[in-house]
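J.: Coordinates in my_file06.pdb, PDB, C-alpha atoms, are listed below.
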```pdb
ATOM      1  CA  MET J1240    -158.180  -2.206 -72.483
ATOM      2  CA  ALA J1241    -160.576  -1.943 -75.398
ATOM      3  CA  LEU J1242    -159.901  -1.823 -79.111
ATOM      4  CA  VAL J1243    -162.746  -0.196 -81.001
ATOM      5  CA  LEU J1244    -163.303  -0.297 -84.737
ATOM      6  CA  GLY J1245    -165.925   1.755 -86.552
ATOM      7  CA  GLU J1246    -169.106   3.264 -85.204
ATOM      8  CA  VAL J1247    -170.103   1.508 -81.972
ATOM      9  CA  VAL J1248    -171.053   4.329 -79.590
ATOM     10  CA  ASP J1249    -174.733   4.233 -78.629
ATOM     11  CA  ARG J1250    -175.363   1.234 -80.887
ATOM     12  CA  GLU J1251    -177.147  -2.074 -80.459
ATOM     13  CA  ASP J1252    -176.038  -5.564 -81.455
ATOM     14  CA  VAL J1253    -172.365  -4.578 -81.577
ATOM     15  CA  LEU J1254    -169.960  -7.424 -82.312
ATOM     16  CA  VAL J1255    -167.903  -7.833 -79.111
ATOM     17  CA  ARG J1256    -165.198 -10.107 -77.819
ATOM     18  CA  ALA J1257    -164.506  -9.968 -74.074
ATOM     19  CA  HIS J1258    -161.135 -11.724 -74.197
ATOM     20  CA  SER J1259    -159.465 -13.075 -71.076
ATOM     21  CA  GLU J1260    -155.750 -12.434 -70.887
ATOM     22  CA  CYS J1261    -153.690 -15.521 -71.705
ATOM     23  CA  MET J1262    -149.988 -14.742 -71.928
ATOM     24  CA  THR J1263    -149.083 -18.284 -72.924
ATOM     25  CA  GLY J1264    -151.611 -18.401 -75.768
ATOM     26  CA  ASP J1265    -151.927 -14.768 -76.837
ATOM     27  CA  ILE J1266    -148.230 -13.896 -76.814
ATOM     28  CA  PHE J1267    -146.286 -17.143 -76.950
ATOM     29  CA  GLY J1268    -148.661 -19.108 -79.184
ATOM     30  CA  ALA J1269    -149.147 -22.041 -76.816
ATOM     31  CA  THR J1270    -151.148 -24.820 -78.424
ATOM     32  CA  ARG J1271    -152.449 -26.256 -75.142
ATOM     33  CA  CYS J1272    -155.359 -23.786 -75.269
ATOM     34  CA  GLU J1273    -157.178 -21.976 -78.060
ATOM     35  CA  CYS J1274    -156.800 -18.473 -76.636
ATOM     36  CA  GLY J1275    -154.368 -17.055 -79.175
ATOM     37  CA  GLU J1276    -156.407 -18.462 -82.048
ATOM     38  CA  GLN J1277    -159.596 -17.017 -80.562
ATOM     39  CA  LEU J1278    -157.993 -13.593 -80.179
ATOM     40  CA  THR J1279    -156.898 -13.578 -83.820
ATOM     41  CA  SER J1280    -160.262 -14.904 -85.029
ATOM     42  CA  ALA J1281    -162.144 -12.295 -83.004
ATOM     43  CA  LEU J1282    -160.079  -9.458 -84.433
ATOM     44  CA  ASP J1283    -160.589 -10.857 -87.942
ATOM     45  CA  ALA J1284    -164.364 -11.084 -87.381
ATOM     46  CA  ILE J1285    -164.523  -7.486 -86.136
ATOM     47  CA  VAL J1286    -162.550  -6.281 -89.165
ATOM     48  CA  ARG J1287    -164.831  -8.246 -91.548
ATOM     49  CA  GLU J1288    -167.850  -6.720 -89.803
ATOM     50  CA  GLY J1289    -166.383  -3.234 -90.211
ATOM     51  CA  SER J1290    -167.040  -2.398 -86.571
ATOM     52  CA  GLY J1291    -166.851  -3.958 -83.148
ATOM     53  CA  ILE J1292    -165.077  -4.018 -79.834
ATOM     54  CA  LEU J1293    -162.396  -6.229 -78.373
ATOM     55  CA  VAL J1294    -162.207  -5.828 -74.602
ATOM     56  CA  TYR J1295    -158.939  -7.364 -73.373
ATOM     57  CA  LEU J1296    -159.356  -8.369 -69.742
ATOM     58  CA  ARG J1297    -156.134  -8.289 -67.717
ATOM     59  CA  GLY J1298    -155.912 -10.434 -64.589
ATOM     60  CA  HIS J1299    -157.842 -13.302 -66.181
ATOM     61  CA  GLU J1300    -154.836 -15.576 -66.766
ATOM     62  CA  GLY J1301    -155.757 -19.190 -66.027
ATOM     63  CA  ARG J1302    -159.435 -18.312 -65.463
ATOM     64  CA  GLY J1303    -158.250 -15.763 -62.906
ATOM     65  CA  ILE J1304    -155.728 -17.814 -60.892
ATOM     66  CA  GLY J1305    -152.687 -16.090 -62.393
ATOM     67  CA  LEU J1306    -149.730 -17.161 -64.486
ATOM     68  CA  VAL J1307    -147.660 -18.938 -61.803
ATOM     69  CA  ALA J1308    -150.630 -20.961 -60.564
ATOM     70  CA  LYS J1309    -151.578 -21.778 -64.151
ATOM     71  CA  VAL J1310    -148.092 -23.172 -64.801
ATOM     72  CA  ARG J1311    -148.440 -25.284 -61.637
ATOM     73  CA  THR J1312    -151.711 -26.710 -63.006
ATOM     74  CA  HIS J1313    -149.976 -27.510 -66.310
ATOM     75  CA  ILE J1314    -147.368 -29.556 -64.440
ATOM     76  CA  LEU J1315    -150.125 -31.573 -62.755
ATOM     77  CA  GLN J1316    -151.854 -32.072 -66.081
ATOM     78  CA  ASP J1317    -148.652 -33.384 -67.645
ATOM     79  CA  GLU J1318    -147.420 -35.474 -64.724
ATOM     80  CA  GLN J1319    -150.689 -36.799 -63.282
ATOM     81  CA  GLY J1320    -153.044 -36.644 -66.259
ATOM     82  CA  LEU J1321    -155.453 -34.267 -64.500
ATOM     83  CA  ASP J1322    -157.663 -32.026 -66.596
ATOM     84  CA  THR J1323    -157.667 -28.236 -66.384
ATOM     85  CA  ILE J1324    -160.342 -28.230 -63.671
ATOM     86  CA  ASP J1325    -159.036 -31.014 -61.430
ATOM     87  CA  SER J1326    -155.495 -29.664 -61.627
ATOM     88  CA  ALA J1327    -156.704 -26.311 -60.246
ATOM     89  CA  THR J1328    -158.903 -27.740 -57.504
ATOM     90  CA  SER J1329    -156.201 -30.223 -56.413
ATOM     91  CA  LEU J1330    -154.037 -27.183 -55.638
ATOM     92  CA  GLY J1331    -156.875 -25.613 -53.646
ATOM     93  CA  LEU J1332    -157.564 -23.088 -56.390
ATOM     94  CA  PRO J1333    -160.986 -22.070 -57.687
ATOM     95  CA  VAL J1334    -162.135 -23.230 -61.110
ATOM     96  CA  ASP J1335    -162.976 -19.730 -62.365
ATOM     97  CA  VAL J1336    -162.729 -16.369 -60.600
ATOM     98  CA  ARG J1337    -162.855 -14.053 -63.597
ATOM     99  CA  ASP J1338    -164.849 -10.840 -63.232
ATOM    100  CA  TYR J1339    -166.520  -9.461 -66.347
ATOM    101  CA  GLY J1340    -167.500  -6.214 -64.607
ATOM    102  CA  PRO J1341    -164.677  -4.269 -66.288
ATOM    103  CA  ALA J1342    -165.899  -5.387 -69.735
ATOM    104  CA  ALA J1343    -169.432  -4.331 -68.861
ATOM    105  CA  ARG J1344    -168.195  -0.931 -67.615
ATOM    106  CA  VAL J1345    -166.389  -0.305 -70.919
ATOM    107  CA  LEU J1346    -169.492  -1.281 -72.887
ATOM    108  CA  HIS J1347    -171.728   0.924 -70.708
ATOM    109  CA  TYR J1348    -169.264   3.814 -71.122
ATOM    110  CA  LEU J1349    -169.499   3.426 -74.904
ATOM    111  CA  GLY J1350    -173.295   3.353 -74.695
ATOM    112  CA  VAL J1351    -173.517  -0.144 -76.146
ATOM    113  CA  ALA J1352    -177.030  -1.364 -75.395
ATOM    114  CA  SER J1353    -176.642  -4.922 -76.654
ATOM    115  CA  VAL J1354    -173.916  -7.149 -78.039
ATOM    116  CA  ARG J1355    -173.392 -10.059 -80.338
ATOM    117  CA  LEU J1356    -170.857 -11.847 -78.181
ATOM    118  CA  LEU J1357    -167.978 -13.754 -79.756
ATOM    119  CA  SER J1358    -167.783 -16.591 -77.237
ATOM    120  CA  ASN J1359    -168.443 -20.282 -76.611
ATOM    121  CA  ASN J1360    -168.824 -19.757 -72.861
ATOM    122  CA  PRO J1361    -172.382 -19.568 -71.491
ATOM    123  CA  ASP J1362    -171.081 -18.238 -68.157
ATOM    124  CA  LYS J1363    -169.662 -15.172 -69.922
ATOM    125  CA  ILE J1364    -173.099 -14.417 -71.336
ATOM    126  CA  GLY J1365    -174.698 -14.697 -67.902
ATOM    127  CA  ALA J1366    -171.993 -12.563 -66.319
ATOM    128  CA  LEU J1367    -172.358  -9.732 -68.834
ATOM    129  CA  GLU J1368    -176.149  -9.853 -68.572
ATOM    130  CA  GLY J1369    -175.773  -9.713 -64.800
ATOM    131  CA  TYR J1370    -174.013  -6.377 -65.308
ATOM    132  CA  GLY J1371    -176.806  -5.070 -67.519
ATOM    133  CA  ILE J1372    -175.354  -5.841 -70.947
ATOM    134  CA  ARG J1373    -177.938  -7.576 -73.131
ATOM    135  CA  VAL J1374    -176.461 -10.383 -75.244
ATOM    136  CA  SER J1375    -178.646 -10.521 -78.354
ATOM    137  CA  GLU J1376    -176.622 -13.327 -79.933
ATOM    138  CA  GLN J1377    -173.839 -15.712 -79.065
ATOM    139  CA  VAL J1378    -171.457 -15.895 -82.024
ATOM    140  CA  PRO J1379    -169.327 -19.064 -81.928
ATOM    141  CA  LEU J1380    -165.584 -18.593 -81.943
ATOM    142  CA  LEU J1381    -164.365 -22.089 -82.716
ATOM    143  CA  ALA J1382    -160.636 -22.664 -82.939
ATOM    144  CA  PRO J1383    -159.598 -25.941 -84.539
ATOM    145  CA  ALA J1384    -159.236 -28.835 -82.129
ATOM    146  CA  HIS J1385    -155.989 -30.811 -82.396
ATOM    147  CA  ASN J1386    -153.875 -33.180 -80.325
ATOM    148  CA  GLY J1387    -152.328 -30.272 -78.367
ATOM    149  CA  ASN J1388    -155.620 -28.808 -77.129
ATOM    150  CA  ILE J1389    -158.161 -31.654 -77.317
ATOM    151  CA  ALA J1390    -157.961 -32.547 -73.602
ATOM    152  CA  TYR J1391    -158.402 -28.889 -72.623
ATOM    153  CA  LEU J1392    -161.319 -28.344 -75.002
ATOM    154  CA  THR J1393    -162.974 -31.586 -73.933
ATOM    155  CA  ALA J1394    -162.839 -30.525 -70.268
ATOM    156  CA  LYS J1395    -164.268 -27.094 -71.152
ATOM    157  CA  ARG J1396    -167.079 -28.729 -73.113
ATOM    158  CA  ASP J1397    -167.913 -31.549 -70.692
ATOM    159  CA  ARG J1398    -167.295 -29.883 -67.344
ATOM    160  CA  LEU J1399    -167.810 -26.160 -67.943
ATOM    161  CA  GLY J1400    -170.588 -26.317 -70.546
ATOM    162  CA  HIS J1401    -168.780 -24.540 -73.383
ATOM    163  CA  ASP J1402    -170.337 -24.998 -76.819
ATOM    164  CA  LEU J1403    -167.499 -26.694 -78.722
ATOM    165  CA  PRO J1404    -168.882 -28.946 -81.480
ATOM    166  CA  GLN J1405    -165.467 -29.274 -83.134
ATOM    167  CA  VAL J1406    -164.288 -31.368 -80.157
ATOM    168  CA  GLU J1407    -166.607 -34.238 -81.029
ATOM    169  CA  GLU J1408    -165.382 -34.226 -84.616
ATOM    170  CA  VAL J1409    -161.731 -34.552 -83.544
ATOM    171  CA  SER J1410    -162.493 -37.059 -80.778
ATOM    172  CA  SER J1411    -164.374 -39.305 -83.210
ATOM    173  CA  ALA J1412    -161.651 -39.011 -85.859
ATOM    174  CA  SER J1413    -158.924 -39.751 -83.294
ATOM    175  CA  LEU J1414    -160.756 -42.860 -82.112
ATOM    176  CA  CYS J1415    -161.127 -44.071 -85.686
ATOM    177  CA  ASP J1416    -157.459 -43.384 -86.439
ATOM    178  CA  SER J1417    -156.208 -45.083 -83.262
ATOM    179  CA  GLY J1418    -158.442 -48.098 -83.927
ATOM    180  CA  ALA J1419    -157.061 -48.406 -87.447
ATOM    181  CA  ARG J1420    -153.485 -48.102 -86.158
ATOM    182  CA  GLY J1421    -154.210 -50.701 -83.497
ATOM    183  CA  GLN J1422    -155.421 -53.136 -86.152
ATOM    184  CA  GLU J1423    -152.356 -52.470 -88.276
ATOM    185  CA  ASP J1424    -150.027 -52.889 -85.320
ATOM    186  CA  SER J1425    -151.636 -56.130 -84.153
ATOM    187  CA  GLY J1426    -150.775 -57.779 -87.462
ATOM    188  CA  HIS J1427    -147.038 -57.235 -86.977
ATOM    189  CA  GLY J1428    -145.540 -59.538 -84.375
TER     190      GLY J1428
END
```
Is it possible to express this structure as structure tokens?

T.:
Amino acid sequence: MALVLGEVVDREDVLVRAHSECMTGDIFGATRCECGEQLTSALDAIVREGSGILVYLRGHEGRGIGLVAKVRTHILQDEQGLDTIDSATSLGLPVDVRDYGPAARVLHYLGVASVRLLSNNPDKIGALEGYGIRVSEQVPLLAPAHNGNIAYLTAKRDRLGHDLPQVEEVSSASLCDSGARGQEDSGHG
């Protein structure tokens, strides 16, 4: 499905978000990921721009493993402390099986020659370019990092190469806060 705003047909450098379906984040507002926040931010950016395309990619839940498998990985994350990647592979699931071909087909159909891609994922850029969509710019889409999503964002940054500078800011602040609390607690016997 694609939502189109303004004049985009046969244009270059169109602002585009190829958004992977995430029922838990997009619909139910889960805070474990940043998907719902990214969807809202992308729509806001397209409206501010006055034109753009949001391609909503069904079948991408849990980086393509599906909703039930994603819930199984969440249980492993909670019970065994595994990250998003290790929880999938421990179940024999792939890390990422999303196909961006449908997004590229929509963009080709609309005659979009190049995009400014709202994404932090370098693999998404490579995938779209592999389908003949030139990415003229990667536009960061940074949702705030917080205690609910920091482990997820850290794994995406460190293990999947996502550009997420806000993770370092929260990680550093959390370490400072926990160190200060530890000092306060050690004084009370």

J.: Contacts of range 1272-1279 of chain J at 8 Å or less, counting all atoms listed in the file, minus same-chain residues fewer than 2 places along, as a PyMOL selection string?

T.: chain J and resi 1258+1261+1264-1266+1268-1270+1281-1283+1380-1383+1387-1388+1391-1392

J.: Taking only C-alpha atoms into account, which of J:Gln1405, J:Ser1280, J:Gln1316, J:Ser1290 comes nearest Glu1246 in chain J?

T.: J:Ser1290

J.: Which of these, J:Ile1304, J:Ala1342, J:Ala1352, J:Ala1390, has the shortest distance to Leu1367 in chain J once you count all atoms listed in the file?

T.: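 Looking only at the distances to Leu1367 in chain J, the closest residue turns out to be J:Ala1342.
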
J.: Of the candidates J:Glu1288, J:Asp1397, J:Asp1252, J:Asp1325, which shows the shortest atom-to-atom distance to Glu1376 in chain J, using only C-alpha atoms?

T.: J:Asp1252

J.: Which value, in Å to one decimal, gives the distance between CA of Leu1321 in chain J and CA of Phe1267 in chain J?

T.: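 Between these atoms lies a distance of 23.1 Å.
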
J.: Could you expand the PyMOL selection byres ((chain J and resi 1340) around 10) into the explicit residues it covers here, written as a list in words?

T.: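 This file gives the following for the PyMOL selection byres ((chain J and resi 1340) around 10): Leu1296, Arg1337, Asp1338, Tyr1339, Pro1341, Ala1342, Ala1343, Arg1344, Val1345, Leu1346, Ala1366, Leu1367, Gly1369, Tyr1370 and Gly1371 of chain J.
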
J.: Mind giving me the straight-line distance from CA of Thr1323 in chain J to CA of Ser1358 in chain J in Å, one decimal?

T.: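 Going from CA of Thr1323 in chain J over to CA of Ser1358 in chain J, I get 18.9 Å.
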
J.: Using Å and a single decimal, report how far CA of Glu1251 in chain J sits from CA of Val1354 in chain J.

T.: 6.5 Å

J.: May I ask which of the residues J:Ile1372, J:Ala1308, J:Leu1254, J:Ile1324 is the closest one to Leu1293 in chain J, counting all atoms listed in the file?

T.: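 That would be J:Leu1254, the residue with the smallest distance to Leu1293 in chain J.
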
J.: I'd like to know which of J:Arg1355, J:His1313, J:His1347, J:Lys1395 is closest to Val1253 in chain J, using all atoms listed in the file.

T.: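 Between J:Arg1355, J:His1313, J:His1347, J:Lys1395, the residue approaching Val1253 in chain J most closely is J:Arg1355.
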
J.: Do a neighbour search on Val1286 in chain J at 10 Å with all atoms listed in the file, toss out local chain neighbours closer than 6 positions, and write the hits as number ranges by chain.

T.: J: 1244-1245, 1280, 1292

J.: Closest to Ala1257 in chain J among J:Arg1311, J:Arg1302, J:Arg1271, J:Lys1363, using all atoms listed in the file?

T.: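 Looking at the shortest contact to Ala1257 in chain J, the residue is J:Lys1363.
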
J.: What's the 8 Å shell around Glu1300 in chain J, counting only C-alpha atoms, without same-chain residues fewer than 6 positions away, as a list in words?

T.: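 Near neighbours after the sequence-gap exclusion: Ser1259, Glu1260, Cys1261, Met1262, Leu1306 and Lys1309 of chain J.
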
J.: Give me the result of the PyMOL selection byres ((chain J and resi 1399) around 10) on this file, residue by residue, as a PDB file with C-alpha atoms, in the frame of the given file.

T.:
```pdb
ATOM      1  CA  ILE J1324    -160.342 -28.230 -63.671  1.00  0.00           C
ATOM      2  CA  VAL J1334    -162.135 -23.230 -61.110  1.00  0.00           C
ATOM      3  CA  ASP J1335    -162.976 -19.730 -62.365  1.00  0.00           C
ATOM      4  CA  ASN J1360    -168.824 -19.757 -72.861  1.00  0.00           C
ATOM      5  CA  PRO J1361    -172.382 -19.568 -71.491  1.00  0.00           C
ATOM      6  CA  ASP J1362    -171.081 -18.238 -68.157  1.00  0.00           C
ATOM      7  CA  LEU J1392    -161.319 -28.344 -75.002  1.00  0.00           C
ATOM      8  CA  THR J1393    -162.974 -31.586 -73.933  1.00  0.00           C
ATOM      9  CA  ALA J1394    -162.839 -30.525 -70.268  1.00  0.00           C
ATOM     10  CA  LYS J1395    -164.268 -27.094 -71.152  1.00  0.00           C
ATOM     11  CA  ARG J1396    -167.079 -28.729 -73.113  1.00  0.00           C
ATOM     12  CA  ASP J1397    -167.913 -31.549 -70.692  1.00  0.00           C
ATOM     13  CA  ARG J1398    -167.295 -29.883 -67.344  1.00  0.00           C
ATOM     14  CA  GLY J1400    -170.588 -26.317 -70.546  1.00  0.00           C
ATOM     15  CA  HIS J1401    -168.780 -24.540 -73.383  1.00  0.00           C
ATOM     16  CA  ASP J1402    -170.337 -24.998 -76.819  1.00  0.00           C
TER      17      ASP J1402
END
```

J.: If the box runs along x, y and z of the file and leaves 6 Å on each side of range 1313-1326 of chain J, what are its centre and edge lengths in Å, one decimal, as AutoDock Vina command-line options?

T.:
```
--center_x -153.9 --center_y -32.2 --center_z -64.5 --size_x 25.0 --size_y 21.3 --size_z 18.2
```

J.: N, CA, C and O atoms for range 1307-1329 of chain J, written as a short mmCIF file (atom, residue, chain, number, x, y, z; two decimals), in the frame of the given file, could you do that?

T.:
```
data_model
loop_
_atom_site.label_atom_id
_atom_site.label_comp_id
_atom_site.auth_asym_id
_atom_site.auth_seq_id
_atom_site.Cartn_x
_atom_site.Cartn_y
_atom_site.Cartn_z
N VAL J 1307 -148.45 -17.94 -62.55
CA VAL J 1307 -147.66 -18.94 -61.80
C VAL J 1307 -148.54 -20.13 -61.43
O VAL J 1307 -148.14 -21.29 -61.61
N ALA J 1308 -149.73 -19.87 -60.93
CA ALA J 1308 -150.63 -20.96 -60.56
C ALA J 1308 -151.03 -21.77 -61.80
O ALA J 1308 -151.15 -22.99 -61.75
N LYS J 1309 -151.22 -21.08 -62.92
CA LYS J 1309 -151.58 -21.78 -64.15
C LYS J 1309 -150.46 -22.73 -64.57
O LYS J 1309 -150.73 -23.87 -64.96
N VAL J 1310 -149.22 -22.30 -64.47
CA VAL J 1310 -148.09 -23.17 -64.80
C VAL J 1310 -148.07 -24.37 -63.86
O VAL J 1310 -147.81 -25.51 -64.29
N ARG J 1311 -148.38 -24.16 -62.59
CA ARG J 1311 -148.44 -25.28 -61.64
C ARG J 1311 -149.52 -26.28 -62.05
O ARG J 1311 -149.32 -27.49 -61.94
N THR J 1312 -150.66 -25.78 -62.55
CA THR J 1312 -151.71 -26.71 -63.01
C THR J 1312 -151.25 -27.47 -64.25
O THR J 1312 -151.58 -28.65 -64.40
N HIS J 1313 -150.48 -26.82 -65.11
CA HIS J 1313 -149.98 -27.51 -66.31
C HIS J 1313 -149.06 -28.68 -65.93
O HIS J 1313 -149.11 -29.74 -66.55
N ILE J 1314 -148.25 -28.48 -64.90
CA ILE J 1314 -147.37 -29.56 -64.44
C ILE J 1314 -148.20 -30.75 -63.97
O ILE J 1314 -147.91 -31.89 -64.32
N LEU J 1315 -149.26 -30.48 -63.21
CA LEU J 1315 -150.12 -31.57 -62.76
C LEU J 1315 -150.83 -32.25 -63.92
O LEU J 1315 -151.02 -33.47 -63.92
N GLN J 1316 -151.21 -31.48 -64.90
CA GLN J 1316 -151.85 -32.07 -66.08
C GLN J 1316 -150.88 -33.01 -66.80
O GLN J 1316 -151.25 -34.11 -67.19
N ASP J 1317 -149.65 -32.58 -66.94
CA ASP J 1317 -148.65 -33.38 -67.64
C ASP J 1317 -148.20 -34.59 -66.83
O ASP J 1317 -148.06 -35.69 -67.38
N GLU J 1318 -147.98 -34.39 -65.54
CA GLU J 1318 -147.42 -35.47 -64.72
C GLU J 1318 -148.46 -36.44 -64.19
O GLU J 1318 -148.17 -37.62 -64.01
N GLN J 1319 -149.68 -35.94 -63.90
CA GLN J 1319 -150.69 -36.80 -63.28
C GLN J 1319 -151.91 -37.04 -64.17
O GLN J 1319 -152.83 -37.74 -63.77
N GLY J 1320 -151.93 -36.43 -65.34
CA GLY J 1320 -153.04 -36.64 -66.26
C GLY J 1320 -154.34 -35.96 -65.84
O GLY J 1320 -155.41 -36.31 -66.34
N LEU J 1321 -154.26 -34.99 -64.93
CA LEU J 1321 -155.45 -34.27 -64.50
C LEU J 1321 -155.90 -33.31 -65.60
O LEU J 1321 -155.09 -32.83 -66.39
N ASP J 1322 -157.20 -33.02 -65.63
CA ASP J 1322 -157.66 -32.03 -66.60
C ASP J 1322 -157.50 -30.63 -66.00
O ASP J 1322 -157.05 -30.46 -64.86
N THR J 1323 -157.86 -29.63 -66.78
CA THR J 1323 -157.67 -28.24 -66.38
C THR J 1323 -158.42 -27.88 -65.09
O THR J 1323 -157.95 -27.06 -64.31
N ILE J 1324 -159.53 -28.53 -64.86
CA ILE J 1324 -160.34 -28.23 -63.67
C ILE J 1324 -159.78 -28.94 -62.44
O ILE J 1324 -159.54 -28.32 -61.40
N ASP J 1325 -159.55 -30.25 -62.57
CA ASP J 1325 -159.04 -31.01 -61.43
C ASP J 1325 -157.64 -30.57 -61.03
O ASP J 1325 -157.29 -30.61 -59.85
N SER J 1326 -156.84 -30.13 -61.99
CA SER J 1326 -155.50 -29.66 -61.63
C SER J 1326 -155.57 -28.39 -60.78
O SER J 1326 -154.77 -28.21 -59.86
N ALA J 1327 -156.54 -27.53 -61.05
CA ALA J 1327 -156.70 -26.31 -60.25
C ALA J 1327 -157.24 -26.65 -58.85
O ALA J 1327 -156.69 -26.19 -57.84
N THR J 1328 -158.29 -27.45 -58.81
CA THR J 1328 -158.90 -27.74 -57.50
C THR J 1328 -157.98 -28.59 -56.62
O THR J 1328 -158.02 -28.46 -55.40
N SER J 1329 -157.13 -29.43 -57.23
CA SER J 1329 -156.20 -30.22 -56.41
C SER J 1329 -155.16 -29.34 -55.72
O SER J 1329 -154.59 -29.73 -54.71
#
```
